[in-house]
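So this block is my_file09.cif, mmCIF, C-alpha atoms and all ligand atoms:
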data_entry
loop_
_atom_site.label_atom_id
_atom_site.label_comp_id
_atom_site.auth_asym_id
_atom_site.auth_seq_id
_atom_site.Cartn_x
_atom_site.Cartn_y
_atom_site.Cartn_z
CA MET B 1 92.14 -130.96 130.00
CA HIS B 2 91.91 -134.43 131.51
CA SER B 3 91.37 -136.95 133.63
CA LYS B 4 89.93 -139.75 135.75
CA PHE B 5 88.81 -139.62 139.36
CA SER B 6 86.62 -141.53 141.85
CA ASN B 7 83.19 -140.67 143.26
CA SER B 8 81.64 -141.43 146.67
CA ARG B 9 80.59 -144.91 145.55
CA GLY B 10 84.12 -145.76 144.46
CA TYR B 11 83.30 -145.66 140.76
CA PRO B 12 85.31 -143.59 138.31
CA THR B 13 84.17 -140.16 137.24
CA LEU B 14 85.79 -137.24 135.46
CA ARG B 15 87.79 -134.43 136.94
CA VAL B 16 88.34 -131.84 134.25
CA VAL B 17 90.96 -129.10 134.35
CA ALA B 18 90.52 -126.18 131.96
CA ARG B 19 93.57 -123.98 131.41
CA LEU B 20 93.29 -120.60 129.74
CA ASP B 21 95.98 -118.78 127.76
CA ASN B 22 96.23 -116.14 130.47
CA GLY B 23 97.36 -118.77 132.98
CA HIS B 24 94.06 -119.07 134.84
CA ALA B 25 92.60 -122.53 135.36
CA GLY B 26 89.42 -124.15 136.63
CA THR B 27 88.77 -127.68 137.86
CA ALA B 28 85.48 -129.55 138.16
CA SER B 29 84.36 -133.10 139.01
CA VAL B 30 81.19 -134.78 137.79
CA PRO B 31 78.57 -136.42 140.07
CA SER B 32 76.43 -139.47 139.31
CA GLY B 33 72.88 -140.57 140.24
CA ALA B 34 71.47 -143.93 141.35
CA SER B 35 67.73 -143.25 141.05
CA THR B 36 68.16 -141.58 137.69
CA GLY B 37 65.25 -140.25 135.66
CA ARG B 38 64.52 -142.04 132.38
CA TYR B 39 65.13 -138.92 130.29
CA GLU B 40 68.31 -137.65 131.91
CA ALA B 41 71.31 -136.74 129.78
CA LEU B 42 73.43 -139.89 129.66
CA GLU B 43 76.77 -140.61 131.26
CA LEU B 44 79.17 -142.32 128.94
CA ARG B 45 80.51 -145.46 130.62
CA ASP B 46 82.94 -147.80 128.83
CA GLY B 47 80.93 -151.00 129.28
CA ASP B 48 84.21 -152.94 129.48
CA MET B 49 83.34 -155.53 132.12
CA ALA B 50 87.02 -156.14 132.82
CA ARG B 51 87.27 -152.68 134.38
CA TYR B 52 85.06 -151.34 137.21
CA GLY B 53 82.22 -153.67 136.24
CA GLY B 54 81.75 -151.77 133.00
CA LYS B 55 81.62 -148.36 134.68
CA GLY B 56 84.99 -147.08 133.46
CA VAL B 57 85.09 -143.63 131.86
CA LEU B 58 88.14 -143.88 129.58
CA LYS B 59 86.09 -143.06 126.49
CA ALA B 60 84.63 -139.93 128.08
CA VAL B 61 88.12 -138.88 129.19
CA SER B 62 89.45 -139.40 125.69
CA HIS B 63 86.68 -137.19 124.30
CA VAL B 64 87.65 -134.40 126.71
CA ASN B 65 91.31 -134.68 125.76
CA GLY B 66 90.61 -135.07 122.04
CA ILE B 67 87.58 -133.88 120.11
CA ILE B 68 86.34 -131.46 122.80
CA ARG B 69 89.70 -129.83 123.42
CA ASP B 70 90.28 -129.44 119.68
CA ARG B 71 86.91 -127.75 119.25
CA LEU B 72 87.21 -125.32 122.17
CA MET B 73 90.84 -124.36 121.68
CA GLY B 74 90.99 -120.65 120.81
CA MET B 75 87.49 -119.82 122.13
CA ALA B 76 87.00 -117.25 124.86
CA ALA B 77 86.08 -118.78 128.24
CA CYS B 78 83.57 -116.01 128.85
CA PRO B 79 80.70 -115.78 128.04
CA GLN B 80 79.65 -119.33 128.87
CA GLU B 81 76.86 -119.77 126.34
CA PRO B 82 78.99 -120.10 123.15
CA ILE B 83 81.12 -122.70 124.93
CA ASP B 84 78.09 -124.75 125.92
CA THR B 85 76.48 -124.36 122.50
CA ALA B 86 79.68 -125.60 120.88
CA LEU B 87 79.61 -128.65 123.16
CA ILE B 88 75.95 -129.36 122.40
CA VAL B 89 76.48 -129.05 118.64
CA LEU B 90 79.64 -131.15 118.73
CA ASP B 91 77.72 -133.93 120.48
CA GLY B 92 74.65 -133.59 118.30
CA THR B 93 72.44 -136.02 120.26
CA GLU B 94 69.44 -135.22 122.45
CA SER B 95 70.82 -137.28 125.36
CA LYS B 96 74.48 -136.15 124.97
CA ILE B 97 75.50 -139.80 124.71
CA LYS B 98 77.97 -139.35 121.84
CA LEU B 99 80.53 -137.41 123.86
CA GLY B 100 78.93 -138.29 127.21
CA ALA B 101 77.03 -135.85 129.44
CA ASN B 102 79.73 -136.53 132.04
CA ALA B 103 82.45 -135.31 129.63
CA ILE B 104 80.40 -132.30 128.53
CA LEU B 105 79.37 -131.19 132.03
CA GLY B 106 82.90 -131.55 133.43
CA VAL B 107 84.20 -129.25 130.69
CA SER B 108 81.33 -126.78 131.04
CA MET B 109 81.85 -126.42 134.81
CA ALA B 110 85.65 -126.31 134.61
CA ILE B 111 85.52 -123.51 132.05
CA ALA B 112 83.06 -121.52 134.20
CA ARG B 113 85.51 -121.84 137.09
CA ALA B 114 88.47 -120.82 134.95
CA ALA B 115 86.53 -117.79 133.68
CA ALA B 116 85.62 -116.81 137.25
CA SER B 117 89.26 -117.06 138.20
CA ALA B 118 90.27 -114.92 135.22
CA ALA B 119 87.61 -112.37 136.20
CA GLY B 120 89.03 -112.35 139.71
CA VAL B 121 85.70 -113.08 141.41
CA PRO B 122 84.32 -116.10 143.28
CA LEU B 123 82.24 -118.52 141.20
CA TYR B 124 78.93 -117.51 142.84
CA CYS B 125 79.59 -113.90 141.91
CA TYR B 126 80.73 -114.75 138.37
CA LEU B 127 77.54 -116.77 137.70
CA GLY B 128 75.11 -114.71 139.77
CA GLY B 129 76.45 -111.16 139.69
CA VAL B 130 76.75 -108.67 142.52
CA SER B 131 73.25 -109.42 143.79
CA ALA B 132 74.12 -113.06 144.56
CA THR B 133 73.98 -112.75 148.34
CA ARG B 134 71.26 -115.23 149.33
CA LEU B 135 72.43 -118.38 151.09
CA PRO B 136 70.26 -121.44 150.45
CA VAL B 137 68.17 -123.19 153.09
CA PRO B 138 69.55 -126.74 153.11
CA MET B 139 67.46 -129.89 152.79
CA MET B 140 69.47 -132.41 154.81
CA ASN B 141 68.74 -136.06 154.18
CA VAL B 142 68.97 -137.64 157.65
CA ILE B 143 67.24 -140.96 156.93
CA ASN B 144 68.09 -142.80 153.70
CA GLY B 145 66.01 -145.51 152.08
CA GLY B 146 64.97 -146.58 148.58
CA ARG B 147 67.91 -147.15 146.24
CA HIS B 148 70.28 -145.30 148.56
CA ALA B 149 70.26 -147.85 151.40
CA GLN B 150 69.80 -151.59 151.88
CA ASN B 151 67.11 -151.24 154.54
CA SER B 152 63.34 -151.57 154.93
CA LEU B 153 62.30 -148.07 153.83
CA ASP B 154 60.72 -147.52 150.42
CA PHE B 155 60.93 -143.73 150.61
CA GLN B 156 64.37 -142.63 149.43
CA GLU B 157 64.89 -139.48 151.50
CA PHE B 158 63.63 -138.13 154.82
CA MET B 159 65.05 -134.63 155.12
CA ILE B 160 65.24 -131.90 157.73
CA VAL B 161 64.98 -128.28 156.67
CA PRO B 162 66.38 -125.74 159.18
CA HIS B 163 64.51 -122.85 157.59
CA GLY B 164 63.91 -120.97 160.85
CA ALA B 165 67.61 -120.41 161.55
CA PRO B 166 68.83 -116.81 161.56
CA ASN B 167 71.69 -117.55 159.17
CA PHE B 168 73.36 -120.41 157.29
CA ALA B 169 75.91 -121.17 160.01
CA GLU B 170 73.11 -121.60 162.53
CA ALA B 171 71.20 -123.72 160.02
CA VAL B 172 74.16 -126.09 159.93
CA ARG B 173 74.15 -126.20 163.73
CA TYR B 174 70.40 -126.92 163.84
CA GLY B 175 70.90 -129.69 161.29
CA ALA B 176 73.95 -131.20 162.96
CA GLU B 177 72.43 -131.18 166.44
CA THR B 178 69.26 -132.80 165.14
CA PHE B 179 71.35 -135.40 163.29
CA HIS B 180 73.26 -136.22 166.48
CA ALA B 181 70.06 -136.39 168.53
CA LEU B 182 68.62 -138.77 165.95
CA HIS B 183 71.73 -140.91 166.24
CA GLU B 184 71.15 -141.22 169.97
CA LEU B 185 67.46 -142.04 169.58
CA LEU B 186 68.15 -144.73 166.98
CA HIS B 187 70.95 -146.21 169.06
CA LYS B 188 68.79 -146.31 172.21
CA ALA B 189 66.00 -148.03 170.30
CA GLY B 190 68.44 -150.70 169.11
CA HIS B 191 68.49 -149.59 165.47
CA SER B 192 71.52 -149.49 163.23
CA THR B 193 73.22 -146.11 162.96
CA ALA B 194 75.13 -147.02 159.79
CA VAL B 195 74.60 -144.50 157.01
CA GLY B 196 73.41 -144.69 153.40
CA ASP B 197 74.71 -143.11 150.18
CA GLU B 198 73.84 -139.54 151.17
CA GLY B 199 75.08 -139.77 154.76
CA GLY B 200 71.71 -140.19 156.48
CA PHE B 201 71.02 -143.14 158.78
CA ALA B 202 69.70 -146.28 157.15
CA PRO B 203 67.78 -148.09 159.92
CA ASN B 204 65.28 -150.89 159.40
CA LEU B 205 62.24 -148.96 160.58
CA ARG B 206 58.79 -150.47 160.24
CA THR B 207 56.92 -147.51 158.81
CA ILE B 208 57.24 -144.04 157.32
CA GLU B 209 55.49 -142.67 160.40
CA GLU B 210 58.15 -144.19 162.65
CA ALA B 211 60.84 -142.32 160.70
CA CYS B 212 58.89 -139.06 160.99
CA GLU B 213 58.28 -139.53 164.73
CA LEU B 214 61.97 -140.12 165.35
CA ILE B 215 62.97 -137.03 163.38
CA VAL B 216 60.44 -134.82 165.16
CA GLU B 217 61.60 -136.17 168.51
CA ALA B 218 65.22 -135.49 167.55
CA ILE B 219 64.38 -131.88 166.68
CA ARG B 220 62.63 -131.45 170.04
CA LYS B 221 65.52 -133.05 171.90
CA THR B 222 67.85 -130.33 170.64
CA GLY B 223 65.52 -127.68 172.08
CA LEU B 224 64.32 -126.58 168.65
CA GLN B 225 60.74 -126.22 167.50
CA PRO B 226 59.58 -128.74 164.86
CA GLY B 227 58.05 -126.77 162.00
CA THR B 228 59.16 -123.27 162.90
CA ASP B 229 62.88 -123.94 163.40
CA VAL B 230 63.33 -127.21 161.55
CA ALA B 231 60.72 -128.64 159.19
CA LEU B 232 60.53 -131.97 157.34
CA ALA B 233 60.74 -132.77 153.62
CA PHE B 234 60.56 -136.02 151.63
CA ASP B 235 61.87 -137.32 148.39
CA PRO B 236 60.07 -140.66 148.06
CA ALA B 237 61.54 -140.98 144.51
CA ALA B 238 58.31 -142.77 143.61
CA SER B 239 59.55 -143.91 140.19
CA THR B 240 61.72 -146.40 142.06
CA PHE B 241 58.70 -148.17 143.59
CA ALA B 242 56.20 -147.69 140.77
CA ASN B 243 55.06 -150.76 138.91
CA ASP B 244 52.48 -150.88 136.18
CA GLY B 245 50.47 -147.87 137.34
CA LYS B 246 50.65 -148.93 141.00
CA TYR B 247 53.00 -148.15 143.85
CA VAL B 248 54.57 -151.19 145.48
CA PHE B 249 56.18 -150.88 148.90
CA ALA B 250 58.32 -153.96 148.49
CA LYS B 251 61.08 -153.13 150.96
CA SER B 252 58.78 -152.59 153.93
CA GLY B 253 56.43 -155.51 153.11
CA ASP B 254 54.45 -156.17 149.99
CA LYS B 255 51.92 -153.34 150.17
CA THR B 256 50.50 -152.08 146.86
CA LEU B 257 48.85 -148.66 146.63
CA SER B 258 46.89 -147.00 143.86
CA ARG B 259 47.69 -143.39 142.92
CA ASP B 260 44.75 -142.18 145.05
CA GLU B 261 45.83 -144.26 148.02
CA LEU B 262 49.36 -142.88 147.76
CA LEU B 263 47.96 -139.35 147.66
CA SER B 264 45.93 -140.07 150.80
CA LEU B 265 49.04 -141.40 152.49
CA TYR B 266 50.84 -138.12 151.75
CA ASN B 267 47.86 -136.07 152.91
CA GLY B 268 47.80 -137.99 156.19
CA LEU B 269 51.51 -137.31 156.69
CA LEU B 270 50.97 -133.60 155.98
CA ASP B 271 48.32 -133.45 158.69
CA ALA B 272 50.51 -135.24 161.22
CA TYR B 273 53.95 -133.72 160.65
CA PRO B 274 55.43 -130.29 159.79
CA ILE B 275 56.29 -131.07 156.18
CA VAL B 276 57.19 -128.23 153.82
CA SER B 277 58.19 -130.06 150.64
CA ILE B 278 57.57 -133.34 148.81
CA GLU B 279 59.68 -134.25 145.78
CA ASP B 280 58.79 -136.95 143.24
CA GLY B 281 55.77 -138.12 145.23
CA PHE B 282 54.64 -139.87 142.05
CA ALA B 283 56.38 -141.69 139.22
CA GLU B 284 58.05 -139.77 136.40
CA ASP B 285 55.29 -140.72 133.92
CA ASP B 286 52.40 -140.19 136.37
CA TRP B 287 51.67 -136.55 135.51
CA ASP B 288 48.11 -136.97 136.78
CA GLY B 289 49.42 -137.97 140.20
CA PHE B 290 51.41 -134.73 140.46
CA ARG B 291 48.47 -132.66 139.21
CA LEU B 292 46.14 -134.23 141.76
CA GLN B 293 48.62 -133.51 144.53
CA MET B 294 48.99 -129.91 143.35
CA ALA B 295 45.23 -129.47 143.42
CA ALA B 296 45.03 -131.04 146.88
CA CYS B 297 47.87 -129.21 148.62
CA GLY B 298 49.87 -127.07 146.20
CA ASP B 299 48.93 -123.99 148.21
CA ARG B 300 50.27 -125.54 151.44
CA ILE B 301 53.55 -127.17 150.53
CA GLN B 302 56.22 -127.19 147.89
CA ILE B 303 55.74 -129.95 145.33
CA VAL B 304 58.98 -130.67 143.51
CA GLY B 305 59.59 -132.51 140.26
CA ASP B 306 62.95 -134.24 139.89
CA ASP B 307 62.75 -137.37 137.71
CA LEU B 308 59.62 -135.77 136.27
CA TYR B 309 61.59 -132.90 134.69
CA VAL B 310 65.23 -134.05 134.69
CA THR B 311 66.17 -130.33 134.62
CA ASN B 312 65.05 -130.28 130.99
CA PRO B 313 63.33 -127.08 129.77
CA ARG B 314 61.05 -129.17 127.51
CA PHE B 315 59.55 -131.10 130.45
CA ILE B 316 59.56 -128.08 132.77
CA GLN B 317 57.47 -126.20 130.19
CA LYS B 318 54.98 -129.10 130.14
CA GLY B 319 54.84 -128.91 133.94
CA ILE B 320 54.24 -125.17 133.94
CA ASP B 321 51.55 -125.43 131.28
CA SER B 322 49.69 -128.16 133.17
CA ARG B 323 50.37 -126.95 136.74
CA ALA B 324 51.95 -130.28 137.62
CA THR B 325 54.12 -128.97 140.48
CA ASN B 326 55.21 -125.64 141.93
CA ALA B 327 58.95 -126.32 142.07
CA VAL B 328 61.77 -128.09 140.23
CA LEU B 329 64.82 -130.00 141.44
CA ILE B 330 67.84 -128.70 139.54
CA LYS B 331 70.73 -131.05 138.80
CA LEU B 332 73.48 -129.93 136.43
CA ASN B 333 74.27 -133.44 135.26
CA GLN B 334 70.67 -134.24 134.33
CA ILE B 335 70.86 -131.74 131.47
CA GLY B 336 74.61 -131.52 130.99
CA THR B 337 75.76 -127.88 130.66
CA VAL B 338 75.87 -124.84 132.92
CA THR B 339 73.96 -122.70 130.40
CA GLU B 340 71.07 -125.14 129.99
CA THR B 341 70.82 -125.49 133.78
CA MET B 342 70.63 -121.72 134.13
CA LYS B 343 67.87 -121.67 131.52
CA ALA B 344 65.92 -124.22 133.55
CA VAL B 345 66.28 -121.98 136.62
CA GLN B 346 65.13 -118.95 134.64
CA MET B 347 61.97 -120.80 133.61
CA CYS B 348 61.20 -121.48 137.29
CA ARG B 349 61.73 -117.83 138.16
CA ASP B 350 59.47 -116.69 135.31
CA ALA B 351 56.74 -119.08 136.47
CA GLY B 352 57.06 -117.96 140.09
CA TRP B 353 58.14 -121.49 141.01
CA GLY B 354 60.63 -122.65 143.60
CA TYR B 355 63.85 -124.40 142.59
CA VAL B 356 66.23 -126.52 144.60
CA ILE B 357 69.85 -126.89 143.50
CA SER B 358 70.78 -130.53 144.15
CA HIS B 359 73.69 -132.91 144.53
CA ARG B 360 73.58 -136.55 143.33
CA SER B 361 73.78 -139.68 145.44
CA GLY B 362 77.19 -140.37 143.85
CA GLU B 363 79.21 -137.25 144.65
CA THR B 364 82.75 -135.93 144.86
CA GLU B 365 84.32 -133.24 147.02
CA ASP B 366 83.56 -130.70 144.29
CA THR B 367 81.49 -127.78 145.64
CA PHE B 368 80.25 -126.25 142.38
CA ILE B 369 76.61 -126.61 143.49
CA SER B 370 77.20 -124.50 146.60
CA ASP B 371 78.35 -121.52 144.54
CA PHE B 372 75.67 -122.30 141.98
CA ALA B 373 72.92 -122.22 144.63
CA VAL B 374 74.03 -118.78 145.83
CA ALA B 375 74.40 -117.56 142.24
CA MET B 376 70.86 -118.68 141.32
CA GLY B 377 69.42 -117.06 144.45
CA GLY B 378 66.45 -119.40 144.90
CA GLY B 379 67.25 -119.99 148.55
CA GLN B 380 67.31 -123.81 148.48
CA ILE B 381 69.93 -126.55 148.21
CA LYS B 382 69.73 -130.30 148.69
CA ALA B 383 73.16 -131.63 149.61
CA GLY B 384 72.74 -134.63 151.89
CA SER B 385 73.24 -135.28 155.54
CA LEU B 386 75.68 -134.13 158.21
CA SER B 387 78.11 -136.97 157.61
CA ARG B 388 80.31 -138.08 154.68
CA SER B 389 82.79 -135.47 153.58
CA GLU B 390 81.50 -135.24 150.02
CA ARG B 391 78.23 -133.92 151.56
CA LEU B 392 79.85 -131.70 154.21
CA ALA B 393 82.10 -130.16 151.56
CA LYS B 394 79.02 -128.44 150.12
CA TYR B 395 77.98 -127.04 153.51
CA ASN B 396 81.54 -126.03 154.34
CA ARG B 397 81.80 -124.08 151.09
CA LEU B 398 78.52 -122.31 151.92
CA LEU B 399 79.86 -121.42 155.37
CA GLU B 400 82.87 -119.92 153.63
CA ILE B 401 80.66 -117.93 151.25
CA GLU B 402 78.51 -116.65 154.12
CA ARG B 403 81.60 -115.47 155.91
CA GLU B 404 82.95 -113.83 152.78
CA LEU B 405 79.68 -111.97 152.16
CA GLY B 406 79.65 -110.73 155.74
CA PRO B 407 76.69 -108.48 156.58
CA ALA B 408 75.48 -108.63 152.95
CA ALA B 409 74.59 -112.35 153.36
CA VAL B 410 70.87 -113.12 153.39
CA TYR B 411 69.24 -116.25 154.88
CA GLU B 412 65.47 -116.42 154.43
CA SER B 413 62.96 -119.23 154.48
CA PRO B 414 61.31 -119.84 151.12
CA PHE B 415 58.50 -121.65 153.00
CA LEU B 416 55.47 -120.57 154.93
CA THR B 417 56.14 -121.17 158.62
CA HIS B 418 54.13 -123.79 160.45
P1 LIG B 501 70.09 -139.77 142.71
O1 LIG B 501 69.12 -139.35 143.89
O2 LIG B 501 71.24 -138.85 142.69
O3 LIG B 501 70.45 -141.19 143.05
O4 LIG B 501 69.26 -139.68 141.45
C1 LIG B 501 68.86 -138.03 144.25
C2 LIG B 501 67.42 -137.66 144.07
O5 LIG B 501 66.58 -138.49 143.65
O6 LIG B 501 67.07 -136.51 144.32
ZN ZN B 502 64.86 -136.90 143.76
#
If you convert what's in this file into structure tokens, what do you get?
Amino acid sequence: MHSKFSNSRGYPTLRVVARLDNGHAGTASVPSGASTGRYEALELRDGDMARYGGKGVLKAVSHVNGIIRDRLMGMAACPQEPIDTALIVLDGTESKIKLGANAILGVSMAIARAAASAAGVPLYCYLGGVSATRLPVPMMNVINGGRHAQNSLDFQEFMIVPHGAPNFAEAVRYGAETFHALHELLHKAGHSTAVGDEGGFAPNLRTIEEACELIVEAIRKTGLQPGTDVALAFDPAASTFANDGKYVFAKSGDKTLSRDELLSLYNGLLDAYPIVSIEDGFAEDDWDGFRLQMAACGDRIQIVGDDLYVTNPRFIQKGIDSRATNAVLIKLNQIGTVTETMKAVQMCRDAGWGYVISHRSGETEDTFISDFAVAMGGGQIKAGSLSRSERLAKYNRLLEIERELGPAAVYESPFLTH
């Protein structure tokens, strides 16, 4: 097992190779967030300012090649749970900071891949079984703001959701054509068409409404129907603009909103645009904000908790008990092992909630989440825009899976149509 690698922001991350006695091997690379939740499992970074501004990962690599390898040597690669339990116990901390959640997750994913290879089945089939035939509807982040772009937008993600497509390949076409139409509209209006961390455009638009108008116009321009063919979704990532119980739109001009005012803003957007999902509309500690939004429109749209839950069963249980949302964003590196992530998904299923398998803003060409989304069968993935190869890699892998499944492949909207 080893080694060091770079992510889409040019910072080091881990690429782990797990080799089994029978000659099979699995490789996995670890992603990294920018708008991270306060309670996420923690990446171990060296803090040596002489290297990568302190973001080196030599310590995490040495844990993989030392203490972790020594512990796992001789264990069976399948089932996954004893492997992940051994990693959790070896670390011994709640946040996985001793070994590093980046070291632990890299090993957990690489071993799952090696086991799939040894079983002679694709990863989605190994993790999801023979019934794993549902392709996810993608949430494609076509306008970036917040911490993912140096522009005037406080909302982090404006996404398009091609849920009305007949299959995944067509969903990619709907998304790509809309993305290209948006490029043309922005260019004509004199806006920048440079992209942000997740491959969406990062223009200096004046308002949230302007971004929505442009996206809706782009959908129309392609000949598709806004709402029925391609809907909208947001991830404002509200923790990033929350301050002392208020919400401060500092990038777009110094506007400060109360929780109620922010809720009204969302409600106004819901009335004006075909929105199917809002993620992290409130800050990670503003449980009341989420609950109010659920009461106001939880029967109309998907309300997703990301920073609120950090894929942690403890927080998800709190959300289920208090009806805080009706869906969860699922990120493997927020919790740190494949088994714990699958437990988080199972809790969503048991509660009748939606779940969205997600990338991070700092990504690699690894496509584990594509297989994972099919394996989990929830019908949703968030993997960025239609540019930047680390984003496209996820869609390309899903195209491959759809082709492999042939007529067994299922593509169904998890949303009510508008
Ligand atoms: P992050 O953003 O990877 O920077 O945390 C993604 C998200 O908030 O969903
Ligand atoms: Zn988010």
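Comparing B:His187, B:Arg259, B:Phe249, B:Arg173 by their smallest distance to B:Leu224, the closest is B:Arg173 (using only C-alpha atoms).
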Residue contacts of B:Ala103 (10 Å, only C-alpha atoms) excluding same-chain residues fewer than 2 positions away, as a PyMOL selection string: chain B and resi 2-3+13-16+29-30+43-44+57+59-65+68+87+96-101+105-108+336
Which chains and residue numbers are within 9 Å of ligand LIG 501 (chain B), counting all atoms listed in the file, if I want them as a PyMOL selection string? chain B and resi 31-37+147-148+156-157+197-198+235-237+279-280+306-307+329+331+358-363+382
Report, as AutoDock Vina command-line options, the axis-aligned box around all atoms of stretch 400-418 of chain B present in the file, extended by 8 Å on each side; give centre and edge lengths in Å to one decimal place.
--center_x 68.5 --center_y -116.1 --center_z 155.8 --size_x 44.8 --size_y 31.3 --size_z 25.3
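Considering the residues B:Ser8, B:Thr325, B:Gln293, B:Thr240 and counting all atoms listed in the file, ligand ZN 502 (chain B) has its shortest atom-to-atom contact with B:Thr240.
The closest residue to B:Leu416, picked from B:Ile275, B:Ala50, B:Ala41, B:Leu90 and counting all atoms listed in the file, is B:Ile275.
Nearest to ligand ZN 502 (chain B) of all the residues B:Val304, B:Ile401, B:Val276, B:Ala25 is B:Val304, based on all atoms listed in the file.
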Nearest to B:Gln380 by atom-to-atom distance, counting only C-alpha atoms, from B:Glu412, B:Asp366, B:Glu400, B:Asp271: B:Glu412
Determine, counting all atoms listed in the file, which protein, DNA and RNA residues have an atom within 8 Å of an atom of B:Leu332; residues of the same chain fewer than 6 positions away are not included. Present the result as a ChimeraX atom specification. /B:105,311,338,341
